Amino acid sequence: MSHPHPELGAPPKLPEGGLRVTPLGGLGEIGRNMTVFEYGGRLLIVDCGVLFPEEEQPGIDLILPDFTTLKDRLDDIEAVVLTHGHEDHIGAVPYLLRLKPDIPLIGSKLTLALIEAKLQEHRIRPYTLEVAEGQREVLGAFDCEFIAVNHSIPDALAVAIRTPAGLVVHTGDFKMDQLPLDNRLTDLHAFARLSEEGIDLLLSDSTNAEVPGFTAHERDISNVMRQVFAGAQRRIIVASFASHVHRIQQVLDAAYEYGRRVAFVGRSMVRNMGIARDLGYLRVPPGLVVDVKTLDDLPDHEVVLVCTGSQGEPMAALSRMANRDHQIRIVQGDTVILASSLIPGNENAVYRVINGLTRWGANVVHKGNAKVHVSGHASAGELLYFYNICKPRNLMPVHGEWRHLRANAELGAMTGVPKDRIVIAEDGVVVDLVDGKAKITGKVQAGYVYVDGLSVGDVTEGALKDRRILGEEGIVSVFVVVDSTSGKIVGGPHIQARGSGIEDKAFDAVLPKVGEALNRSAQDGVVEPHQLQQLIRRTIGKWVSDTYRRRPMILPVVVEV
């Protein structure tokens with residue numbers, strides 16, 4: 001198997017007739033999916049998603065792919081193909097279109113409706129082309145065929161890309177549910193037909209490659225959902241992704257059966273379910289869905305609330321309910337259903353929300369104690385089945401952390417893909433398909449780009465480190481006035497501490513040390529304010545470390561008079 005190397009340099013010029021594949025996100029992580037294909041100087045992008053921040057990224061709203069390698073080549077982009085409407089596949093499109101608003105967007109009806117609604121908020125009117133399974137579109141140098149796959153959102157597509165360099169298939173996110181709620185099967189016949197043509201490179205979803213067997217059917221959830229509804233005495237609150245139309249349909253069906261009314265809570269949930277209903281993907285009986293403001297007029301046993309927050313996101317509705325920071329107050333006897341799987345890295349946040357809800361008396365139903373969610377991704381058994389159908393000449397696992405990518409590579413090898421033709425790459429690693437063989441040829445910039453409020457890319461890793469220190473260790477500010485000529489202390493030092501766990505009075509013990517250090521520096525002729533600030537920082541930092549074993553951020557201010 002081919003592996004990236006930390007010393008990889010910039011890739012060489014792409015050989016004539018070769019196809020270059022550059023993942024800018026989605027490899028080594030769950031989210032931020034984006035892959036750039038290059039042939040004959042032209043580019044095709046598949047997906048453009050976001051990654052959601054973790055606890056060690058305080059203040060960050062979203063994490064984008066790095067568009068640096070594209071900024072000078074925006075005119076070379078033929079189109080962006082969107083495989084489905086989840087945020088980790090479409091969420092970064094507005095930020096790409098800010099650079100060039102007329103890049104065409106290609107996708108299915110629901111996918112385009114979701115991204116168009118999102119782009120309205122950014123005041124961008126995109127050029128779009130709606131496609132469906134079985135359709136072929138020539139996008140410049142790329143002849144694209146779209147294939148039906150089932151996932152946890154309707155209208156998901158895989159894409160087969162034909163160029164003179166070979167046939168490449170990108171699965172997007174998929175599974176092989178044989179009893180999907182919308183009766184739209186993953187089109188194995190199409191993949192078999194492509195296999196007969198000869199798949200030169202397969203980029204395959206790796207998310208569940210470690211999970212043995214087959215992913216359970218979506219229909220299995222319906223009976224469990226009914227049981228929960230049958231046993232609930234008061235309100236039912238369901239937390240799900242704002243784009244999980246299938247799961248919301250099951251909630252609506254159960255609510256209708258048990259005589260409850262449903263209200264959507266949260267802007268994204270209201271928007272997405274409105275779109276799904278208008279396009280016919282969500283079947284809503286008349287009178288079932290009501291405005292959240294009318295719920296006060298209904299008895300608790302007739303109420304269902306559907307909101308976001310199943311991943312413990314701090315600003316989502318469910319987290320705020322758990323923290324008593326939401327207009328909807330959890331009371332004894334409420335039932336809360338977390339209808340989603342845990343995204344790796346979110347475990348602590350989710351369990352914190354579960355504990356908060358339980359504290360207020362809620363009965364919390366989640367994947368750990370009831371079958372209220374099934375994955376949208378193919379497990380190992382399905383992937384083996386899939387590889388035996390596709391028989392790819394080269395395999396590149398995508399969409400997953402390192403453990404998922406490696407497990408997926410092993411599955412490919414078990415089905416006969418030669419190990420020297422299985423490429424385990426990571427974000428930024430360039431893979432060239434030349435003369436029928438895929439291999440790693442270099443690496444480009446593909447770091448995290450942070451969105452913080454209206455700021456995009458201004459927050460650096462250094463700034464995040466400062467935020468973590470402030471959050472964990474606090475801040476100590478020091479104010480000193482010195483004579484600009486002699487460097488002697490004229491006023492201060494005055495010390496204030498915030499969030500450090502150390503009382504201001506405790507710093508009286510270090511004031512003589514600061515004074516001695518400044519007097520020595522004045523005798524040595526050191527009067528430059530920056531040097532004095534560094535001296536103060538070292539003196540107080542050493543004292544705090546020795547005395548309290550803490551490392552707060554120390555901000556010295558030196559004023560000259």
# chains A, B, ... in the order shown; residues from 1 in each chain; ligands from 1
call {"tool": "residues_around", "arguments": {"residues": "A:Gly333", "least_positions_apart": "6", "cutoff": "9 Å", "atoms": "only C-alpha atoms", "output": "PyMOL selection string"}}
result
chain A and resi 232-235+361-363
call {"tool": "write_last_selection", "arguments": {"atoms": "N, CA, C and O atoms", "output": "PDB file, in the first residue's frame"}}
result
ATOM      1  N   ALA A 232     -44.068   7.141  26.299  1.00  0.00           N
ATOM      2  CA  ALA A 232     -43.811   8.505  26.764  1.00  0.00           C
ATOM      3  C   ALA A 232     -45.061   9.100  27.409  1.00  0.00           C
ATOM      4  O   ALA A 232     -46.145   9.074  26.823  1.00  0.00           O
ATOM      5  N   GLN A 233     -44.899   9.650  28.596  1.00  0.00           N
ATOM      6  CA  GLN A 233     -46.031  10.210  29.335  1.00  0.00           C
ATOM      7  C   GLN A 233     -46.211  11.701  29.097  1.00  0.00           C
ATOM      8  O   GLN A 233     -47.320  12.216  29.177  1.00  0.00           O
ATOM      9  N   ARG A 234     -45.103  12.405  28.832  1.00  0.00           N
ATOM     10  CA  ARG A 234     -45.185  13.863  28.660  1.00  0.00           C
ATOM     11  C   ARG A 234     -44.646  14.237  27.274  1.00  0.00           C
ATOM     12  O   ARG A 234     -44.825  13.477  26.326  1.00  0.00           O
ATOM     13  N   ARG A 235     -43.972  15.346  27.179  1.00  0.00           N
ATOM     14  CA  ARG A 235     -43.457  15.794  25.880  1.00  0.00           C
ATOM     15  C   ARG A 235     -42.359  14.872  25.365  1.00  0.00           C
ATOM     16  O   ARG A 235     -41.633  14.255  26.148  1.00  0.00           O
ATOM     17  N   GLY A 361     -34.624  15.592  34.946  1.00  0.00           N
ATOM     18  CA  GLY A 361     -35.693  14.609  35.034  1.00  0.00           C
ATOM     19  C   GLY A 361     -36.115  13.983  33.722  1.00  0.00           C
ATOM     20  O   GLY A 361     -37.102  13.236  33.687  1.00  0.00           O
ATOM     21  N   ALA A 362     -35.384  14.273  32.641  1.00  0.00           N
ATOM     22  CA  ALA A 362     -35.759  13.709  31.346  1.00  0.00           C
ATOM     23  C   ALA A 362     -35.332  12.253  31.239  1.00  0.00           C
ATOM     24  O   ALA A 362     -34.309  11.841  31.792  1.00  0.00           O
ATOM     25  N   ASN A 363     -36.118  11.479  30.502  1.00  0.00           N
ATOM     26  CA  ASN A 363     -35.739  10.120  30.117  1.00  0.00           C
ATOM     27  C   ASN A 363     -35.048  10.228  28.761  1.00  0.00           C
ATOM     28  O   ASN A 363     -35.698  10.534  27.754  1.00  0.00           O
TER      29      ASN A 363
END
call {"tool": "closest_atom_pairs", "arguments": {"of": "stretch 331-390 of chain A", "to": "stretch 142-153 of chain A", "cutoff": "8 Å", "atoms": "only C-alpha atoms", "output": "tab-separated table"}}
result
residue	atom	partner	partner_atom	distance
A:Ser375	CA	A:Ser152	CA	7.3
A:Gly376	CA	A:Ser152	CA	4.6
A:His377	CA	A:His151	CA	6.7
call {"tool": "select_by_dssp", "arguments": {"residues": "stretch 239-293 of chain A", "states": "helix (DSSP H, G or I)", "output": "list in words"}}
result
Val245, His246, Arg247, Ile248, Gln249, Gln250, Val251, Leu252, Asp253, Ala254, Ala255, Tyr256, Glu257, Arg267, Ser268, Met269, Val270, Arg271, Asn272, Met273, Gly274, Ile275, Ala276, Arg277, Asp278, Val292 and Lys293 of chain A
call {"tool": "atom_distance", "arguments": {"atom1": "atom CA of A:Ala141", "atom2": "atom CA of A:Ser108"}}
result
21.1 Å
call {"tool": "closest_residue", "arguments": {"among": "A:Glu130, A:Glu528, A:Glu516, A:Asp420", "to": "A:Val482", "atoms": "only C-alpha atoms"}}
result
A:Glu528
call {"tool": "residues_around", "arguments": {"residues": "A:Ala79", "least_positions_apart": "6", "cutoff": "9 Å", "atoms": "only C-alpha atoms", "output": "PDB file with N, CA and C atoms, in the first residue's frame"}}
result
ATOM      1  N   LEU A  43     -10.150  21.792 -13.980  1.00  0.00           N
ATOM      2  CA  LEU A  43     -10.420  21.259 -12.648  1.00  0.00           C
ATOM      3  C   LEU A  43     -11.900  20.930 -12.477  1.00  0.00           C
ATOM      4  N   LEU A  44     -12.160  19.842 -11.780  1.00  0.00           N
ATOM      5  CA  LEU A  44     -13.508  19.475 -11.352  1.00  0.00           C
ATOM      6  C   LEU A  44     -13.442  19.214  -9.852  1.00  0.00           C
ATOM      7  N   ILE A  45     -14.342  19.828  -9.106  1.00  0.00           N
ATOM      8  CA  ILE A  45     -14.376  19.661  -7.651  1.00  0.00           C
ATOM      9  C   ILE A  45     -15.560  18.785  -7.278  1.00  0.00           C
ATOM     10  N   VAL A  46     -15.329  17.792  -6.436  1.00  0.00           N
ATOM     11  CA  VAL A  46     -16.407  16.974  -5.892  1.00  0.00           C
ATOM     12  C   VAL A  46     -16.540  17.286  -4.406  1.00  0.00           C
ATOM     13  N   ILE A 103     -19.125  29.910 -10.412  1.00  0.00           N
ATOM     14  CA  ILE A 103     -18.736  28.503 -10.564  1.00  0.00           C
ATOM     15  C   ILE A 103     -20.009  27.656 -10.557  1.00  0.00           C
ATOM     16  N   PRO A 104     -20.246  26.837 -11.596  1.00  0.00           N
ATOM     17  CA  PRO A 104     -21.483  26.050 -11.647  1.00  0.00           C
ATOM     18  C   PRO A 104     -21.539  25.001 -10.523  1.00  0.00           C
ATOM     19  N   LEU A 105     -22.726  24.828  -9.973  1.00  0.00           N
ATOM     20  CA  LEU A 105     -22.966  23.794  -8.960  1.00  0.00           C
ATOM     21  C   LEU A 105     -23.832  22.709  -9.586  1.00  0.00           C
ATOM     22  N   ILE A 106     -23.399  21.457  -9.471  1.00  0.00           N
ATOM     23  CA  ILE A 106     -24.095  20.327 -10.054  1.00  0.00           C
ATOM     24  C   ILE A 106     -24.554  19.411  -8.927  1.00  0.00           C
ATOM     25  N   LEU A 139     -18.778  17.976 -18.555  1.00  0.00           N
ATOM     26  CA  LEU A 139     -18.352  19.213 -17.892  1.00  0.00           C
ATOM     27  C   LEU A 139     -16.921  19.500 -18.315  1.00  0.00           C
ATOM     28  N   GLY A 140     -16.777  20.134 -19.476  1.00  0.00           N
ATOM     29  CA  GLY A 140     -15.448  20.408 -20.002  1.00  0.00           C
ATOM     30  C   GLY A 140     -14.720  19.119 -20.312  1.00  0.00           C
TER      31      GLY A 140
END
call {"tool": "closest_residue", "arguments": {"among": "A:Gly412, A:Gly9, A:Pro94, A:Gly447", "to": "A:Glu121", "atoms": "only C-alpha atoms"}}
result
A:Pro94
call {"tool": "residues_around", "arguments": {"residues": "A:Phe37", "least_positions_apart": "3", "cutoff": "12 Å", "atoms": "only C-alpha atoms", "output": "number ranges by chain"}}
result
A: 14, 18-24, 34, 40-47, 70, 76-81, 141-142, 161-163, 165, 168-170, 203, 430-433
call {"tool": "select_by_dssp", "arguments": {"residues": "stretch 221-438 of chain A", "states": "strand (DSSP E)", "output": "tab-separated table (two decimals) with all heavy atoms, in the first residue's frame"}}
result
chain	number	residue	atom	x	y	z
A	236	ILE	N	-42.24	14.81	24.03
A	236	ILE	CA	-41.13	14.09	23.39
A	236	ILE	C	-40.30	15.13	22.63
A	236	ILE	O	-40.85	15.92	21.86
A	236	ILE	CB	-41.64	13.00	22.43
A	236	ILE	CG1	-42.42	11.94	23.20
A	236	ILE	CG2	-40.47	12.38	21.67
A	236	ILE	CD1	-43.07	10.90	22.30
A	237	ILE	N	-39.01	15.12	22.87
A	237	ILE	CA	-38.09	16.03	22.19
A	237	ILE	C	-37.09	15.19	21.42
A	237	ILE	O	-36.39	14.35	22.01
A	237	ILE	CB	-37.36	16.95	23.20
A	237	ILE	CG1	-38.40	17.79	23.96
A	237	ILE	CG2	-36.35	17.84	22.49
A	237	ILE	CD1	-37.87	18.42	25.23
A	238	VAL	N	-37.03	15.36	20.11
A	238	VAL	CA	-36.16	14.56	19.25
A	238	VAL	C	-35.06	15.47	18.71
A	238	VAL	O	-35.34	16.52	18.12
A	238	VAL	CB	-36.93	13.94	18.07
A	238	VAL	CG1	-35.99	13.08	17.22
A	238	VAL	CG2	-38.10	13.10	18.58
A	239	ALA	N	-33.80	15.07	18.92
A	239	ALA	CA	-32.66	15.82	18.38
A	239	ALA	C	-32.06	15.04	17.23
A	239	ALA	O	-31.79	13.84	17.35
A	239	ALA	CB	-31.61	16.05	19.46
A	261	ARG	N	-48.80	16.40	18.04
A	261	ARG	CA	-48.46	17.46	17.08
A	261	ARG	C	-46.95	17.69	17.13
A	261	ARG	O	-46.32	17.51	18.19
A	261	ARG	CB	-49.18	18.76	17.42
A	261	ARG	CG	-50.70	18.64	17.43
A	261	ARG	CD	-51.25	18.48	16.04
A	261	ARG	NE	-52.71	18.44	16.04
A	261	ARG	CZ	-53.48	19.53	15.95
A	261	ARG	NH1	-52.93	20.72	15.88
A	261	ARG	NH2	-54.79	19.41	15.96
A	262	VAL	N	-46.38	18.11	16.01
A	262	VAL	CA	-44.92	18.27	15.89
A	262	VAL	C	-44.58	19.72	15.59
A	262	VAL	O	-45.22	20.36	14.73
A	262	VAL	CB	-44.36	17.36	14.77
A	262	VAL	CG1	-42.86	17.55	14.63
A	262	VAL	CG2	-44.70	15.90	15.04
A	263	ALA	N	-43.57	20.23	16.28
A	263	ALA	CA	-43.04	21.57	15.98
A	263	ALA	C	-41.54	21.46	15.77
A	263	ALA	O	-40.84	20.76	16.51
A	263	ALA	CB	-43.34	22.54	17.12
A	264	PHE	N	-41.05	22.14	14.74
A	264	PHE	CA	-39.61	22.18	14.48
A	264	PHE	C	-39.01	23.37	15.21
A	264	PHE	O	-39.57	24.48	15.20
A	264	PHE	CB	-39.33	22.29	12.98
A	264	PHE	CG	-39.82	21.11	12.18
A	264	PHE	CD1	-40.70	21.26	11.12
A	264	PHE	CD2	-39.41	19.82	12.51
A	264	PHE	CE1	-41.15	20.18	10.39
A	264	PHE	CE2	-39.85	18.73	11.80
A	264	PHE	CZ	-40.73	18.91	10.74
A	303	VAL	N	-47.44	16.60	22.49
A	303	VAL	CA	-46.39	17.48	21.94
A	303	VAL	C	-45.16	16.68	21.54
A	303	VAL	O	-44.69	15.82	22.28
A	303	VAL	CB	-46.00	18.56	22.99
A	303	VAL	CG1	-44.77	19.33	22.53
A	303	VAL	CG2	-47.16	19.50	23.23
A	304	VAL	N	-44.62	16.99	20.33
A	304	VAL	CA	-43.31	16.51	19.90
A	304	VAL	C	-42.52	17.71	19.38
A	304	VAL	O	-43.02	18.47	18.54
A	304	VAL	CB	-43.40	15.45	18.77
A	304	VAL	CG1	-42.00	15.03	18.32
A	304	VAL	CG2	-44.19	14.24	19.24
A	305	LEU	N	-41.32	17.88	19.89
A	305	LEU	CA	-40.42	18.93	19.41
A	305	LEU	C	-39.26	18.28	18.67
A	305	LEU	O	-38.69	17.30	19.15
A	305	LEU	CB	-39.88	19.73	20.59
A	305	LEU	CG	-40.90	20.57	21.36
A	305	LEU	CD1	-40.44	20.78	22.79
A	305	LEU	CD2	-41.09	21.90	20.67
A	306	VAL	N	-38.92	18.81	17.51
A	306	VAL	CA	-37.78	18.29	16.74
A	306	VAL	C	-36.76	19.41	16.62
A	306	VAL	O	-37.06	20.49	16.10
A	306	VAL	CB	-38.23	17.82	15.33
A	306	VAL	CG1	-37.02	17.30	14.56
A	306	VAL	CG2	-39.29	16.73	15.44
A	307	CYS	N	-35.54	19.14	17.11
A	307	CYS	CA	-34.53	20.20	17.16
A	307	CYS	C	-33.17	19.66	16.77
A	307	CYS	O	-33.00	18.46	16.52
A	307	CYS	CB	-34.45	20.79	18.57
A	307	CYS	SG	-33.88	19.63	19.83
A	335	THR	N	-39.41	13.05	27.57
A	335	THR	CA	-38.59	12.04	26.88
A	335	THR	C	-37.77	12.74	25.80
A	335	THR	O	-38.33	13.47	24.97
A	335	THR	CB	-39.47	10.95	26.23
A	335	THR	OG1	-40.20	10.26	27.26
A	335	THR	CG2	-38.62	9.96	25.46
A	336	VAL	N	-36.46	12.52	25.82
A	336	VAL	CA	-35.56	13.11	24.82
A	336	VAL	C	-34.93	11.98	24.01
A	336	VAL	O	-34.37	11.04	24.58
A	336	VAL	CB	-34.46	13.98	25.47
A	336	VAL	CG1	-33.54	14.54	24.39
A	336	VAL	CG2	-35.08	15.10	26.28
A	337	ILE	N	-35.04	12.06	22.68
A	337	ILE	CA	-34.46	11.04	21.79
A	337	ILE	C	-33.33	11.67	21.00
A	337	ILE	O	-33.52	12.66	20.29
A	337	ILE	CB	-35.53	10.50	20.80
A	337	ILE	CG1	-36.74	9.94	21.57
A	337	ILE	CG2	-34.93	9.44	19.90
A	337	ILE	CD1	-37.91	9.56	20.66
A	338	LEU	N	-32.13	11.11	21.14
A	338	LEU	CA	-30.99	11.53	20.33
A	338	LEU	C	-30.90	10.61	19.13
A	338	LEU	O	-30.37	9.50	19.21
A	338	LEU	CB	-29.69	11.47	21.14
A	338	LEU	CG	-29.32	12.73	21.93
A	338	LEU	CD1	-30.34	12.97	23.04
A	338	LEU	CD2	-27.93	12.63	22.52
A	363	ASN	N	-36.12	11.48	30.50
A	363	ASN	CA	-35.74	10.12	30.12
A	363	ASN	C	-35.05	10.23	28.76
A	363	ASN	O	-35.70	10.53	27.75
A	363	ASN	CB	-36.99	9.24	30.03
A	363	ASN	CG	-36.69	7.89	29.42
A	363	ASN	OD1	-35.61	7.32	29.62
A	363	ASN	ND2	-37.63	7.37	28.64
A	364	VAL	N	-33.74	10.00	28.73
A	364	VAL	CA	-32.96	10.22	27.51
A	364	VAL	C	-32.75	8.89	26.78
A	364	VAL	O	-32.18	7.95	27.34
A	364	VAL	CB	-31.61	10.88	27.81
A	364	VAL	CG1	-30.87	11.18	26.49
A	364	VAL	CG2	-31.80	12.18	28.58
A	365	VAL	N	-33.23	8.82	25.55
A	365	VAL	CA	-33.11	7.62	24.73
A	365	VAL	C	-32.07	7.92	23.65
A	365	VAL	O	-32.20	8.89	22.90
A	365	VAL	CB	-34.46	7.25	24.07
A	365	VAL	CG1	-34.33	5.99	23.25
A	365	VAL	CG2	-35.54	7.10	25.14
A	395	LEU	N	-7.40	1.70	-5.80
A	395	LEU	CA	-8.34	2.07	-4.74
A	395	LEU	C	-7.76	3.18	-3.88
A	395	LEU	O	-6.59	3.13	-3.49
A	395	LEU	CB	-8.66	0.85	-3.86
A	395	LEU	CG	-9.52	1.11	-2.61
A	395	LEU	CD1	-10.92	1.58	-3.00
A	395	LEU	CD2	-9.60	-0.15	-1.74
A	396	MET	N	-8.60	4.19	-3.59
A	396	MET	CA	-8.19	5.28	-2.70
A	396	MET	C	-9.30	5.48	-1.66
A	396	MET	O	-10.35	6.04	-1.97
A	396	MET	CB	-7.98	6.56	-3.51
A	396	MET	CG	-7.54	7.76	-2.70
A	396	MET	SD	-7.19	9.16	-3.81
A	396	MET	CE	-7.06	10.49	-2.61
A	397	PRO	N	-9.12	4.98	-0.44
A	397	PRO	CA	-10.13	5.20	0.61
A	397	PRO	C	-10.27	6.68	0.92
A	397	PRO	O	-9.27	7.41	1.02
A	397	PRO	CB	-9.57	4.44	1.81
A	397	PRO	CG	-8.59	3.45	1.23
A	397	PRO	CD	-8.00	4.14	0.04
A	398	VAL	N	-11.52	7.16	1.08
A	398	VAL	CA	-11.77	8.55	1.43
A	398	VAL	C	-12.81	8.60	2.55
A	398	VAL	O	-13.37	7.59	2.94
A	398	VAL	CB	-12.26	9.37	0.21
A	398	VAL	CG1	-11.19	9.46	-0.86
A	398	VAL	CG2	-13.55	8.77	-0.37
A	429	VAL	N	-2.39	15.57	0.04
A	429	VAL	CA	-1.50	14.65	-0.65
A	429	VAL	C	-2.02	14.43	-2.08
A	429	VAL	O	-3.18	14.10	-2.29
A	429	VAL	CB	-1.39	13.31	0.11
A	429	VAL	CG1	-0.71	12.25	-0.75
A	429	VAL	CG2	-0.62	13.51	1.40
A	430	VAL	N	-1.14	14.63	-3.05
A	430	VAL	CA	-1.52	14.58	-4.46
A	430	VAL	C	-1.33	13.17	-5.00
A	430	VAL	O	-0.27	12.55	-4.81
A	430	VAL	CB	-0.67	15.58	-5.27
A	430	VAL	CG1	-0.98	15.46	-6.76
A	430	VAL	CG2	-0.92	17.00	-4.78
A	431	VAL	N	-2.37	12.66	-5.66
A	431	VAL	CA	-2.34	11.32	-6.26
A	431	VAL	C	-2.53	11.48	-7.77
A	431	VAL	O	-3.52	12.08	-8.20
A	431	VAL	CB	-3.43	10.42	-5.66
A	431	VAL	CG1	-3.44	9.06	-6.35
A	431	VAL	CG2	-3.23	10.26	-4.15
A	432	ASP	N	-1.60	10.94	-8.54
A	432	ASP	CA	-1.70	11.01	-10.00
A	432	ASP	C	-2.04	9.63	-10.57
A	432	ASP	O	-1.45	8.62	-10.17
A	432	ASP	CB	-0.38	11.48	-10.62
A	432	ASP	CG	-0.13	12.97	-10.38
A	432	ASP	OD1	-1.07	13.65	-9.93
A	432	ASP	OD2	1.00	13.43	-10.64
A	433	LEU	N	-3.02	9.62	-11.47
A	433	LEU	CA	-3.36	8.41	-12.21
A	433	LEU	C	-2.74	8.53	-13.60
A	433	LEU	O	-3.21	9.32	-14.43
A	433	LEU	CB	-4.88	8.25	-12.31
A	433	LEU	CG	-5.39	7.04	-13.10
A	433	LEU	CD1	-5.01	5.74	-12.39
A	433	LEU	CD2	-6.91	7.12	-13.29
A	434	VAL	N	-1.66	7.80	-13.83
A	434	VAL	CA	-0.90	7.87	-15.08
A	434	VAL	C	-0.67	6.45	-15.59
A	434	VAL	O	-0.21	5.59	-14.83
A	434	VAL	CB	0.44	8.61	-14.89
A	434	VAL	CG1	1.21	8.67	-16.21
A	434	VAL	CG2	0.21	10.03	-14.35
A	437	LYS	N	-2.04	3.56	-13.42
A	437	LYS	CA	-1.60	3.31	-12.05
A	437	LYS	C	-1.66	4.59	-11.24
A	437	LYS	O	-1.22	5.65	-11.68
A	437	LYS	CB	-0.18	2.74	-12.02
A	437	LYS	CG	0.26	2.38	-10.60
A	437	LYS	CD	1.54	1.58	-10.56
A	437	LYS	CE	1.86	1.17	-9.12
A	437	LYS	NZ	3.08	0.37	-9.01
A	438	ALA	N	-2.21	4.48	-10.02
A	438	ALA	CA	-2.31	5.63	-9.12
A	438	ALA	C	-1.16	5.61	-8.14
A	438	ALA	O	-0.84	4.57	-7.55
A	438	ALA	CB	-3.64	5.59	-8.37
